[in-house]
>>> print(open('work_26.pdb').read())   # PDB, C-alpha atoms, pLDDT in the B column
ATOM      1  CA  ASP A   1      10.029   8.758   0.383  1.00 53.00           C
ATOM      2  CA  ALA A   2      10.295  10.429  -3.037  1.00 62.00           C
ATOM      3  CA  GLY A   3       6.594  11.277  -3.341  1.00 91.00           C
ATOM      4  CA  ILE A   4       5.305   7.752  -2.833  1.00 95.00           C
ATOM      5  CA  THR A   5       2.493   6.908  -0.475  1.00 97.00           C
ATOM      6  CA  GLN A   6       1.024   3.556   0.375  1.00 98.00           C
ATOM      7  CA  SER A   7      -2.365   2.874   1.897  1.00 97.00           C
ATOM      8  CA  PRO A   8      -3.270   1.426   4.228  1.00 97.00           C
ATOM      9  CA  ARG A   9      -0.049   1.365   6.255  1.00 97.00           C
ATOM     10  CA  HIS A  10      -1.304  -1.440   8.464  1.00 97.00           C
ATOM     11  CA  LYS A  11      -4.051  -3.964   7.899  1.00 97.00           C
ATOM     12  CA  VAL A  12      -5.299  -7.056   9.665  1.00 98.00           C
ATOM     13  CA  THR A  13      -7.678  -9.223   7.706  1.00 97.00           C
ATOM     14  CA  GLU A  14      -9.134 -12.702   7.826  1.00 97.00           C
ATOM     15  CA  THR A  15      -8.317 -15.637   5.599  1.00 97.00           C
ATOM     16  CA  GLY A  16     -10.447 -15.689   2.481  1.00 97.00           C
ATOM     17  CA  THR A  17     -11.233 -11.982   2.347  1.00 96.00           C
ATOM     18  CA  PRO A  18     -10.183  -9.778  -0.573  1.00 96.00           C
ATOM     19  CA  VAL A  19      -7.609  -7.076   0.123  1.00 97.00           C
ATOM     20  CA  THR A  20      -6.462  -4.157  -2.027  1.00 98.00           C
ATOM     21  CA  LEU A  21      -3.318  -2.171  -1.341  1.00 98.00           C
ATOM     22  CA  ARG A  22      -2.775   1.169  -3.034  1.00 98.00           C
ATOM     23  CA  CYS A  23       0.413   2.853  -4.156  1.00 98.00           C
ATOM     24  CA  HIS A  24       0.267   6.501  -5.201  1.00 98.00           C
ATOM     25  CA  GLN A  25       3.142   8.522  -6.693  1.00 96.00           C
ATOM     26  CA  THR A  26       3.490  12.182  -7.489  1.00 95.00           C
ATOM     27  CA  GLU A  27       6.769  11.802  -9.435  1.00 89.00           C
ATOM     28  CA  ASN A  28       5.378  10.794 -12.861  1.00 89.00           C
ATOM     29  CA  HIS A  29       7.709   7.778 -13.001  1.00 91.00           C
ATOM     30  CA  ARG A  30       6.895   5.247 -15.688  1.00 90.00           C
ATOM     31  CA  TYR A  31       7.705   2.068 -13.787  1.00 92.00           C
ATOM     32  CA  MET A  32       5.942   0.938 -10.621  1.00 95.00           C
ATOM     33  CA  TYR A  33       6.614  -2.227  -8.642  1.00 96.00           C
ATOM     34  CA  TRP A  34       5.115  -4.273  -5.849  1.00 97.00           C
ATOM     35  CA  TYR A  35       7.436  -6.287  -3.601  1.00 97.00           C
ATOM     36  CA  ARG A  36       6.926  -8.329  -0.493  1.00 98.00           C
ATOM     37  CA  GLN A  37       9.577  -8.591   2.205  1.00 97.00           C
ATOM     38  CA  ASP A  38       9.805 -11.611   4.494  1.00 94.00           C
ATOM     39  CA  PRO A  39      12.496 -12.798   6.921  1.00 88.00           C
ATOM     40  CA  GLY A  40      14.912 -15.127   5.179  1.00 85.00           C
ATOM     41  CA  HIS A  41      13.655 -14.166   1.726  1.00 87.00           C
ATOM     42  CA  GLY A  42      14.413 -10.495   1.392  1.00 87.00           C
ATOM     43  CA  LEU A  43      12.570  -8.441  -1.181  1.00 94.00           C
ATOM     44  CA  ARG A  44      10.739 -10.404  -3.843  1.00 95.00           C
ATOM     45  CA  LEU A  45       9.029  -8.886  -6.856  1.00 94.00           C
ATOM     46  CA  ILE A  46       5.308  -9.626  -7.136  1.00 97.00           C
ATOM     47  CA  HIS A  47       4.272  -7.611 -10.202  1.00 96.00           C
ATOM     48  CA  TYR A  48       5.439  -4.505 -11.964  1.00 94.00           C
ATOM     49  CA  SER A  49       3.995  -2.000 -14.416  1.00 94.00           C
ATOM     50  CA  TYR A  50       5.758  -0.272 -17.282  1.00 91.00           C
ATOM     51  CA  GLY A  51       2.877   2.021 -18.174  1.00 90.00           C
ATOM     52  CA  VAL A  52      -0.849   2.553 -17.840  1.00 92.00           C
ATOM     53  CA  LYS A  53      -2.562  -0.801 -18.296  1.00 91.00           C
ATOM     54  CA  ASP A  54       0.827  -2.486 -18.938  1.00 93.00           C
ATOM     55  CA  THR A  55       1.875  -4.978 -16.289  1.00 95.00           C
ATOM     56  CA  ASP A  56       4.034  -8.073 -15.968  1.00 94.00           C
ATOM     57  CA  LYS A  57       4.566 -10.823 -13.423  1.00 94.00           C
ATOM     58  CA  GLY A  58       7.420 -11.061 -11.001  1.00 92.00           C
ATOM     59  CA  GLU A  59       8.914 -13.902  -9.038  1.00 90.00           C
ATOM     60  CA  VAL A  60       5.996 -14.482  -6.631  1.00 95.00           C
ATOM     61  CA  SER A  61       2.857 -13.443  -8.528  1.00 96.00           C
ATOM     62  CA  ASP A  62       0.555 -16.366  -7.658  1.00 96.00           C
ATOM     63  CA  GLY A  63      -2.433 -15.191  -5.609  1.00 96.00           C
ATOM     64  CA  TYR A  64      -1.925 -11.539  -6.547  1.00 98.00           C
ATOM     65  CA  SER A  65      -3.309  -9.307  -9.270  1.00 97.00           C
ATOM     66  CA  VAL A  66      -2.524  -5.699 -10.135  1.00 98.00           C
ATOM     67  CA  SER A  67      -4.047  -2.821 -12.030  1.00 97.00           C
ATOM     68  CA  ARG A  68      -2.816   0.529 -13.226  1.00 97.00           C
ATOM     69  CA  SER A  69      -5.469   2.786 -14.739  1.00 95.00           C
ATOM     70  CA  LYS A  70      -3.558   6.012 -14.100  1.00 95.00           C
ATOM     71  CA  THR A  71       0.149   6.850 -14.151  1.00 93.00           C
ATOM     72  CA  GLU A  72       0.100   7.730 -10.473  1.00 96.00           C
ATOM     73  CA  ASP A  73      -1.747   4.725  -9.027  1.00 97.00           C
ATOM     74  CA  PHE A  74      -0.788   1.048  -8.861  1.00 98.00           C
ATOM     75  CA  LEU A  75      -3.120  -1.314  -7.022  1.00 98.00           C
ATOM     76  CA  LEU A  76      -2.241  -4.726  -5.624  1.00 98.00           C
ATOM     77  CA  THR A  77      -5.142  -7.095  -4.935  1.00 98.00           C
ATOM     78  CA  LEU A  78      -5.182 -10.300  -2.968  1.00 97.00           C
ATOM     79  CA  GLU A  79      -8.342 -11.941  -4.254  1.00 93.00           C
ATOM     80  CA  SER A  80      -8.644 -14.327  -1.299  1.00 96.00           C
ATOM     81  CA  ALA A  81      -6.057 -13.651   1.363  1.00 97.00           C
ATOM     82  CA  THR A  82      -4.139 -16.554   2.918  1.00 97.00           C
ATOM     83  CA  SER A  83      -1.897 -16.653   5.994  1.00 97.00           C
ATOM     84  CA  SER A  84       1.131 -17.121   3.722  1.00 97.00           C
ATOM     85  CA  GLN A  85       0.475 -13.623   2.389  1.00 98.00           C
ATOM     86  CA  THR A  86       1.181 -12.082   5.779  1.00 98.00           C
ATOM     87  CA  SER A  87       4.100  -9.815   4.956  1.00 98.00           C
ATOM     88  CA  VAL A  88       5.372  -6.286   4.542  1.00 98.00           C
ATOM     89  CA  TYR A  89       4.514  -4.964   1.089  1.00 98.00           C
ATOM     90  CA  PHE A  90       6.587  -2.263  -0.573  1.00 98.00           C
ATOM     91  CA  CYS A  91       5.766  -0.222  -3.608  1.00 97.00           C
ATOM     92  CA  ALA A  92       8.624   1.215  -5.661  1.00 95.00           C
ATOM     93  CA  ILE A  93       8.933   3.515  -8.652  1.00 93.00           C
ATOM     94  CA  SER A  94      11.634   4.185 -11.227  1.00 89.00           C
ATOM     95  CA  GLY A  95      12.192   5.661 -14.629  1.00 81.00           C
ATOM     96  CA  SER A  96      11.915   9.418 -14.364  1.00 69.00           C
ATOM     97  CA  ALA A  97      13.336   9.755 -17.887  1.00 62.00           C
ATOM     98  CA  GLY A  98      10.941   7.166 -19.285  1.00 60.00           C
ATOM     99  CA  GLY A  99      13.169   4.104 -19.185  1.00 63.00           C
ATOM    100  CA  ALA A 100      13.705   1.712 -16.307  1.00 62.00           C
ATOM    101  CA  SER A 101      16.451   2.763 -13.936  1.00 73.00           C
ATOM    102  CA  TYR A 102      18.760   0.986 -11.546  1.00 75.00           C
ATOM    103  CA  GLU A 103      17.494   3.380  -8.878  1.00 83.00           C
ATOM    104  CA  GLN A 104      14.170   2.418  -7.465  1.00 89.00           C
ATOM    105  CA  TYR A 105      12.478   4.642  -4.919  1.00 91.00           C
ATOM    106  CA  PHE A 106      10.536   2.793  -2.270  1.00 95.00           C
ATOM    107  CA  GLY A 107       7.425   3.715  -0.365  1.00 96.00           C
ATOM    108  CA  PRO A 108       7.043   3.358   3.418  1.00 96.00           C
ATOM    109  CA  GLY A 109       5.521  -0.125   3.260  1.00 97.00           C
ATOM    110  CA  THR A 110       2.239  -1.755   4.285  1.00 98.00           C
ATOM    111  CA  ARG A 111       2.175  -4.347   7.061  1.00 97.00           C
ATOM    112  CA  LEU A 112      -0.465  -6.924   6.248  1.00 98.00           C
ATOM    113  CA  THR A 113      -1.483  -9.624   8.684  1.00 98.00           C
ATOM    114  CA  VAL A 114      -3.832 -12.392   7.568  1.00 97.00           C
ATOM    115  CA  THR A 115      -5.367 -14.284  10.496  1.00 96.00           C
TER     116      THR A 115
ATOM    117  CA  GLN B   1      19.929 -22.478  -4.238  1.00 73.00           C
ATOM    118  CA  LYS B   2      19.094 -18.772  -4.243  1.00 82.00           C
ATOM    119  CA  GLU B   3      20.456 -16.633  -7.056  1.00 91.00           C
ATOM    120  CA  VAL B   4      21.882 -14.180  -4.530  1.00 94.00           C
ATOM    121  CA  GLU B   5      23.224 -15.157  -1.116  1.00 94.00           C
ATOM    122  CA  GLN B   6      23.805 -12.730   1.719  1.00 95.00           C
ATOM    123  CA  ASP B   7      24.645 -13.388   5.364  1.00 89.00           C
ATOM    124  CA  PRO B   8      21.725 -12.071   7.451  1.00 86.00           C
ATOM    125  CA  GLY B   9      23.904 -11.110  10.420  1.00 88.00           C
ATOM    126  CA  PRO B  10      23.540  -9.273  12.680  1.00 93.00           C
ATOM    127  CA  LEU B  11      27.020  -7.858  12.316  1.00 95.00           C
ATOM    128  CA  SER B  12      27.990  -5.880  15.424  1.00 97.00           C
ATOM    129  CA  VAL B  13      30.943  -3.484  15.331  1.00 97.00           C
ATOM    130  CA  PRO B  14      32.203  -0.580  17.448  1.00 97.00           C
ATOM    131  CA  GLU B  15      32.024   2.963  16.147  1.00 98.00           C
ATOM    132  CA  GLY B  16      34.957   3.785  13.868  1.00 97.00           C
ATOM    133  CA  ALA B  17      35.428   0.221  12.611  1.00 97.00           C
ATOM    134  CA  ILE B  18      35.725  -0.735   8.964  1.00 97.00           C
ATOM    135  CA  VAL B  19      32.755  -2.829   7.912  1.00 97.00           C
ATOM    136  CA  SER B  20      32.696  -5.348   5.092  1.00 97.00           C
ATOM    137  CA  LEU B  21      29.369  -6.554   3.729  1.00 97.00           C
ATOM    138  CA  ASN B  22      29.227  -9.192   1.023  1.00 97.00           C
ATOM    139  CA  CYS B  23      27.024 -11.005  -1.456  1.00 97.00           C
ATOM    140  CA  THR B  24      27.650 -13.960  -3.701  1.00 97.00           C
ATOM    141  CA  TYR B  25      25.598 -14.768  -6.763  1.00 97.00           C
ATOM    142  CA  SER B  26      25.211 -17.606  -9.228  1.00 95.00           C
ATOM    143  CA  ASN B  27      23.958 -15.923 -12.414  1.00 93.00           C
ATOM    144  CA  SER B  28      26.942 -14.944 -14.542  1.00 93.00           C
ATOM    145  CA  ALA B  29      24.680 -12.691 -16.643  1.00 92.00           C
ATOM    146  CA  PHE B  30      24.359 -10.172 -13.801  1.00 92.00           C
ATOM    147  CA  GLN B  31      26.255  -7.011 -14.670  1.00 90.00           C
ATOM    148  CA  TYR B  32      24.530  -4.237 -12.732  1.00 91.00           C
ATOM    149  CA  PHE B  33      25.044  -4.251  -8.986  1.00 94.00           C
ATOM    150  CA  MET B  34      23.458  -2.101  -6.310  1.00 94.00           C
ATOM    151  CA  TRP B  35      23.511  -1.671  -2.561  1.00 96.00           C
ATOM    152  CA  TYR B  36      20.421  -0.461  -0.778  1.00 96.00           C
ATOM    153  CA  ARG B  37      20.197   0.622   2.855  1.00 97.00           C
ATOM    154  CA  GLN B  38      17.050   0.043   4.875  1.00 97.00           C
ATOM    155  CA  TYR B  39      16.407   1.554   8.270  1.00 97.00           C
ATOM    156  CA  SER B  40      14.010  -0.192  10.609  1.00 94.00           C
ATOM    157  CA  ARG B  41      10.375   0.066   9.471  1.00 93.00           C
ATOM    158  CA  LYS B  42      11.340   2.119   6.400  1.00 94.00           C
ATOM    159  CA  GLY B  43      11.622   1.406   2.698  1.00 95.00           C
ATOM    160  CA  PRO B  44      15.059   0.695   1.174  1.00 95.00           C
ATOM    161  CA  GLU B  45      17.048   3.533  -0.376  1.00 94.00           C
ATOM    162  CA  LEU B  46      19.802   3.277  -2.985  1.00 92.00           C
ATOM    163  CA  LEU B  47      23.300   3.674  -1.561  1.00 94.00           C
ATOM    164  CA  MET B  48      25.674   2.616  -4.340  1.00 91.00           C
ATOM    165  CA  TYR B  49      25.526   1.469  -7.946  1.00 89.00           C
ATOM    166  CA  THR B  50      28.240  -0.292  -9.935  1.00 90.00           C
ATOM    167  CA  TYR B  51      28.322  -1.531 -13.482  1.00 86.00           C
ATOM    168  CA  SER B  52      30.354  -4.658 -14.270  1.00 85.00           C
ATOM    169  CA  SER B  53      33.614  -5.218 -12.364  1.00 84.00           C
ATOM    170  CA  GLY B  54      35.727  -2.797 -10.405  1.00 85.00           C
ATOM    171  CA  ASN B  55      35.476  -0.393  -7.498  1.00 91.00           C
ATOM    172  CA  LYS B  56      33.406   2.676  -6.852  1.00 93.00           C
ATOM    173  CA  GLU B  57      33.891   5.054  -3.959  1.00 95.00           C
ATOM    174  CA  ASP B  58      31.467   7.567  -2.466  1.00 94.00           C
ATOM    175  CA  GLY B  59      32.586   9.204   0.754  1.00 96.00           C
ATOM    176  CA  ARG B  60      32.954   6.534   3.424  1.00 97.00           C
ATOM    177  CA  PHE B  61      31.452   3.858   1.172  1.00 97.00           C
ATOM    178  CA  THR B  62      33.235   1.685  -1.398  1.00 97.00           C
ATOM    179  CA  ALA B  63      31.490  -0.863  -3.600  1.00 97.00           C
ATOM    180  CA  GLN B  64      33.549  -3.620  -5.147  1.00 96.00           C
ATOM    181  CA  VAL B  65      32.567  -6.168  -7.789  1.00 96.00           C
ATOM    182  CA  ASP B  66      34.529  -9.303  -8.700  1.00 94.00           C
ATOM    183  CA  LYS B  67      32.641 -10.919 -11.544  1.00 92.00           C
ATOM    184  CA  SER B  68      35.159 -13.745 -11.905  1.00 92.00           C
ATOM    185  CA  SER B  69      34.323 -14.859  -8.364  1.00 94.00           C
ATOM    186  CA  LYS B  70      30.667 -13.764  -8.538  1.00 95.00           C
ATOM    187  CA  TYR B  71      31.231 -11.763  -5.381  1.00 95.00           C
ATOM    188  CA  ILE B  72      30.373  -8.193  -4.458  1.00 97.00           C
ATOM    189  CA  SER B  73      31.296  -6.183  -1.383  1.00 97.00           C
ATOM    190  CA  LEU B  74      30.397  -2.955   0.333  1.00 97.00           C
ATOM    191  CA  PHE B  75      32.981  -1.399   2.633  1.00 97.00           C
ATOM    192  CA  ILE B  76      32.089   1.256   5.172  1.00 98.00           C
ATOM    193  CA  ARG B  77      34.982   3.224   6.678  1.00 98.00           C
ATOM    194  CA  ASP B  78      34.796   4.996  10.017  1.00 98.00           C
ATOM    195  CA  SER B  79      31.428   3.421  10.756  1.00 97.00           C
ATOM    196  CA  GLN B  80      28.915   5.505  12.710  1.00 98.00           C
ATOM    197  CA  PRO B  81      25.913   4.530  14.860  1.00 97.00           C
ATOM    198  CA  SER B  82      23.761   6.133  12.146  1.00 97.00           C
ATOM    199  CA  ASP B  83      25.007   3.403   9.774  1.00 98.00           C
ATOM    200  CA  SER B  84      23.045   0.857  11.808  1.00 98.00           C
ATOM    201  CA  ALA B  85      20.585  -0.545   9.290  1.00 97.00           C
ATOM    202  CA  THR B  86      19.988  -3.514   7.027  1.00 96.00           C
ATOM    203  CA  TYR B  87      22.037  -3.515   3.831  1.00 98.00           C
ATOM    204  CA  LEU B  88      20.621  -5.278   0.798  1.00 97.00           C
ATOM    205  CA  CYS B  89      22.523  -6.092  -2.339  1.00 97.00           C
ATOM    206  CA  ALA B  90      20.626  -6.149  -5.617  1.00 95.00           C
ATOM    207  CA  MET B  91      21.593  -7.063  -9.138  1.00 93.00           C
ATOM    208  CA  THR B  92      20.265  -7.562 -12.623  1.00 90.00           C
ATOM    209  CA  SER B  93      21.420  -8.570 -16.088  1.00 86.00           C
ATOM    210  CA  THR B  94      19.913  -6.444 -18.844  1.00 75.00           C
ATOM    211  CA  GLY B  95      17.299  -3.845 -18.168  1.00 70.00           C
ATOM    212  CA  PHE B  96      16.305  -2.852 -14.675  1.00 70.00           C
ATOM    213  CA  GLN B  97      12.743  -4.057 -14.572  1.00 73.00           C
ATOM    214  CA  LYS B  98      13.571  -7.062 -12.422  1.00 84.00           C
ATOM    215  CA  LEU B  99      16.125  -6.603  -9.693  1.00 90.00           C
ATOM    216  CA  VAL B 100      17.135  -9.660  -7.665  1.00 92.00           C
ATOM    217  CA  PHE B 101      17.733  -8.776  -4.035  1.00 94.00           C
ATOM    218  CA  GLY B 102      19.751 -10.499  -1.360  1.00 95.00           C
ATOM    219  CA  THR B 103      18.085 -11.158   1.979  1.00 94.00           C
ATOM    220  CA  GLY B 104      19.964  -8.294   3.630  1.00 95.00           C
ATOM    221  CA  THR B 105      22.619  -8.048   6.351  1.00 96.00           C
ATOM    222  CA  ARG B 106      21.703  -6.289   9.565  1.00 96.00           C
ATOM    223  CA  LEU B 107      24.502  -4.008  10.802  1.00 97.00           C
ATOM    224  CA  LEU B 108      24.724  -2.667  14.342  1.00 97.00           C
ATOM    225  CA  VAL B 109      27.312   0.022  15.111  1.00 98.00           C
ATOM    226  CA  SER B 110      27.693   0.690  18.819  1.00 97.00           C
ATOM    227  CA  PRO B 111      28.965   4.042  20.191  1.00 95.00           C
TER     228      PRO B 111
END
>>> encode(input="work_26.pdb", output="structure tokens")
Amino acid sequence: DAGITQSPRHKVTETGTPVTLRCHQTENHRYMYWYRQDPGHGLRLIHYSYGVKDTDKGEVSDGYSVSRSKTEDFLLTLESATSSQTSVYFCAISGSAGGASYEQYFGPGTRLTVT
Amino acid sequence: QKEVEQDPGPLSVPEGAIVSLNCTYSNSAFQYFMWYRQYSRKGPELLMYTYSSGNKEDGRFTAQVDKSSKYISLFIRDSQPSDSATYLCAMTSTGFQKLVFGTGTRLLVSP
């Protein structure tokens, strides 16, 4: 998975609790992304980062926040988890030469269940 | 209406068949087109990339883009059981920060 790890890989949490997912890369890629994947919707971009402390919203950013304090780590936080946030979350990276690239490398995914 | 439409399948074919996977899109600004393959419980991986219209071939795989019809295709020749996966199309206009993905088509190739 191109030097990308996600933690945890599986999580079950209760409605209203905060949850943080971590993406760690060893490839020194500039761009990092968080997606969620749901049946009937495919992959949808939540947030992305184009550098340390530089982030932007994606298509489905409501209820999510992100932070990137180091090149290698991109955190996704659900401040107060809801059942609609039950999903598989994928981290991706791109931009080995500094710019964004059509090739994104995906991590193994995190299965989050909110009960 | 979604920007990118893709039949979810599943598409079941026998080994050796030619497979055609397709996406339609509504945004005429899209000019970069990609196909990703995703095995069960794994992250997607890039399979093919095409810029603007035309064909691109890589081994058993051919990607085709028809911008006038807003239609892209992925052909797989001599399909193998190892090709069984979900195939997602993705596209973008300028820059690659925001790819728009189709929902994916699940392909099953039986021996």
>>> residues_around(input="work_26.pdb", residues="Ser7 in chain A", least_positions_apart="4", cutoff="12 Å", atoms="only C-alpha atoms", output="list in words")
Lys11, Val19, Thr20, Leu21, Arg22, Cys23, His24, Gln25, Asp73, Phe74, Leu75, Leu76, Tyr89, Phe90, Cys91, Gly107, Pro108, Gly109, Thr110, Arg111 and Leu112 of chain A
>>> residues_around(input="work_26.pdb", residues="Thr92 in chain B", least_positions_apart="6", cutoff="12 Å", atoms="only C-alpha atoms", output="PyMOL selection string")
(chain A and resi 100-103) or (chain B and resi 3-4+25-34+49-52+98-102)
>>> write_last_selection(input="work_26.pdb", atoms="C-alpha atoms", output="compact mmCIF listing (two decimals), keeping the file's coordinate frame")
# COMPACT_ATOMS: atom_id res chain seq x y z
CA ALA A 100 13.70 1.71 -16.31
CA SER A 101 16.45 2.76 -13.94
CA TYR A 102 18.76 0.99 -11.55
CA GLU A 103 17.49 3.38 -8.88
CA GLU B 3 20.46 -16.63 -7.06
CA VAL B 4 21.88 -14.18 -4.53
CA TYR B 25 25.60 -14.77 -6.76
CA SER B 26 25.21 -17.61 -9.23
CA ASN B 27 23.96 -15.92 -12.41
CA SER B 28 26.94 -14.94 -14.54
CA ALA B 29 24.68 -12.69 -16.64
CA PHE B 30 24.36 -10.17 -13.80
CA GLN B 31 26.26 -7.01 -14.67
CA TYR B 32 24.53 -4.24 -12.73
CA PHE B 33 25.04 -4.25 -8.99
CA MET B 34 23.46 -2.10 -6.31
CA TYR B 49 25.53 1.47 -7.95
CA THR B 50 28.24 -0.29 -9.94
CA TYR B 51 28.32 -1.53 -13.48
CA SER B 52 30.35 -4.66 -14.27
CA LYS B 98 13.57 -7.06 -12.42
CA LEU B 99 16.12 -6.60 -9.69
CA VAL B 100 17.14 -9.66 -7.66
CA PHE B 101 17.73 -8.78 -4.04
CA GLY B 102 19.75 -10.50 -1.36
>>> interface_residues(input="work_26.pdb", of="chain A", to="chain B", cutoff="12 Å", atoms="all atoms listed in the file", output="compact mmCIF listing (two decimals) with C-alpha atoms, keeping the file's coordinate frame")
# COMPACT_ATOMS: atom_id res chain seq x y z
CA ASP A 1 10.03 8.76 0.38
CA ALA A 2 10.30 10.43 -3.04
CA ILE A 4 5.30 7.75 -2.83
CA THR A 5 2.49 6.91 -0.48
CA GLN A 6 1.02 3.56 0.38
CA ARG A 9 -0.05 1.36 6.26
CA HIS A 10 -1.30 -1.44 8.46
CA ARG A 30 6.90 5.25 -15.69
CA TYR A 31 7.70 2.07 -13.79
CA MET A 32 5.94 0.94 -10.62
CA TYR A 33 6.61 -2.23 -8.64
CA TRP A 34 5.12 -4.27 -5.85
CA TYR A 35 7.44 -6.29 -3.60
CA ARG A 36 6.93 -8.33 -0.49
CA GLN A 37 9.58 -8.59 2.20
CA ASP A 38 9.80 -11.61 4.49
CA PRO A 39 12.50 -12.80 6.92
CA GLY A 40 14.91 -15.13 5.18
CA HIS A 41 13.66 -14.17 1.73
CA GLY A 42 14.41 -10.50 1.39
CA LEU A 43 12.57 -8.44 -1.18
CA ARG A 44 10.74 -10.40 -3.84
CA LEU A 45 9.03 -8.89 -6.86
CA ILE A 46 5.31 -9.63 -7.14
CA HIS A 47 4.27 -7.61 -10.20
CA TYR A 48 5.44 -4.50 -11.96
CA SER A 49 4.00 -2.00 -14.42
CA TYR A 50 5.76 -0.27 -17.28
CA THR A 55 1.88 -4.98 -16.29
CA ASP A 56 4.03 -8.07 -15.97
CA LYS A 57 4.57 -10.82 -13.42
CA GLY A 58 7.42 -11.06 -11.00
CA GLU A 59 8.91 -13.90 -9.04
CA VAL A 88 5.37 -6.29 4.54
CA TYR A 89 4.51 -4.96 1.09
CA PHE A 90 6.59 -2.26 -0.57
CA CYS A 91 5.77 -0.22 -3.61
CA ALA A 92 8.62 1.22 -5.66
CA ILE A 93 8.93 3.52 -8.65
CA SER A 94 11.63 4.18 -11.23
CA GLY A 95 12.19 5.66 -14.63
CA GLY A 99 13.17 4.10 -19.18
CA ALA A 100 13.70 1.71 -16.31
CA SER A 101 16.45 2.76 -13.94
CA TYR A 102 18.76 0.99 -11.55
CA GLU A 103 17.49 3.38 -8.88
CA GLN A 104 14.17 2.42 -7.46
CA TYR A 105 12.48 4.64 -4.92
CA PHE A 106 10.54 2.79 -2.27
CA GLY A 107 7.42 3.72 -0.36
CA PRO A 108 7.04 3.36 3.42
CA GLY A 109 5.52 -0.12 3.26
CA THR A 110 2.24 -1.76 4.28
CA ARG A 111 2.17 -4.35 7.06
>>> resolve_selection(input="work_26.pdb", expression="the PyMOL selection byres ((chain A and resi 84) around 10)", output="list of chain:residue names")
A:Thr15, A:Ala81, A:Thr82, A:Ser83, A:Gln85, A:Thr86, A:Ser87, A:Thr113, A:Val114, A:Thr115
>>> atom_distance(input="work_26.pdb", atom1="CA of Pro8 in chain A", atom2="CA of Arg106 in chain B")
26.7 Å
>>> closest_residue(input="work_26.pdb", among="B:Gly54, B:Gly59, B:Val19, B:Gln38", to="Phe75 in chain B", atoms="all atoms listed in the file")
B:Val19
>>> residues_around(input="work_26.pdb", residues="Thr71 in chain A", least_positions_apart="4", cutoff="7 Å", atoms="all atoms listed in the file", output="VMD selection string")
chain A and resid 28 51 to 52
>>> atom_distance(input="work_26.pdb", atom1="CA of Asp54 in chain A", atom2="CA of Lys70 in chain A")
10.7 Å
>>> atom_distance(input="work_26.pdb", atom1="CA of Pro10 in chain B", atom2="CA of Leu107 in chain B")
5.7 Å
>>> decode(input="work_26.pdb", residues="range 79-92 of chain B", atoms="N, CA and C atoms", output="compact mmCIF listing (two decimals), in the first residue's frame")
# COMPACT_ATOMS: atom_id res chain seq x y z
N SER B 79 -10.11 -12.07 -20.07
CA SER B 79 -10.31 -11.85 -18.64
C SER B 79 -9.92 -13.08 -17.82
N GLN B 80 -9.38 -12.83 -16.65
CA GLN B 80 -8.89 -13.87 -15.75
C GLN B 80 -9.63 -13.79 -14.40
N PRO B 81 -9.72 -14.90 -13.68
CA PRO B 81 -10.34 -14.84 -12.35
C PRO B 81 -9.69 -13.79 -11.45
N SER B 82 -8.40 -13.53 -11.65
CA SER B 82 -7.71 -12.53 -10.84
C SER B 82 -8.17 -11.10 -11.17
N ASP B 83 -8.92 -10.94 -12.26
CA ASP B 83 -9.49 -9.63 -12.59
C ASP B 83 -10.76 -9.33 -11.79
N SER B 84 -11.23 -10.33 -11.06
CA SER B 84 -12.44 -10.13 -10.25
C SER B 84 -12.17 -9.07 -9.18
N ALA B 85 -12.88 -7.98 -9.28
CA ALA B 85 -12.65 -6.82 -8.41
C ALA B 85 -13.74 -5.80 -8.72
N THR B 86 -13.70 -4.69 -8.02
CA THR B 86 -14.55 -3.55 -8.34
C THR B 86 -13.72 -2.53 -9.09
N TYR B 87 -14.26 -2.04 -10.20
CA TYR B 87 -13.55 -1.08 -11.04
C TYR B 87 -14.23 0.28 -10.92
N LEU B 88 -13.46 1.26 -10.52
CA LEU B 88 -13.99 2.61 -10.33
C LEU B 88 -13.41 3.55 -11.38
N CYS B 89 -14.26 4.31 -12.03
CA CYS B 89 -13.76 5.36 -12.88
C CYS B 89 -13.61 6.62 -12.03
N ALA B 90 -12.70 7.49 -12.45
CA ALA B 90 -12.49 8.75 -11.75
C ALA B 90 -12.10 9.80 -12.78
N MET B 91 -12.44 11.02 -12.50
CA MET B 91 -12.14 12.08 -13.47
C MET B 91 -12.03 13.42 -12.78
N THR B 92 -11.39 14.36 -13.48
CA THR B 92 -11.24 15.69 -12.94
C THR B 92 -11.03 16.67 -14.09
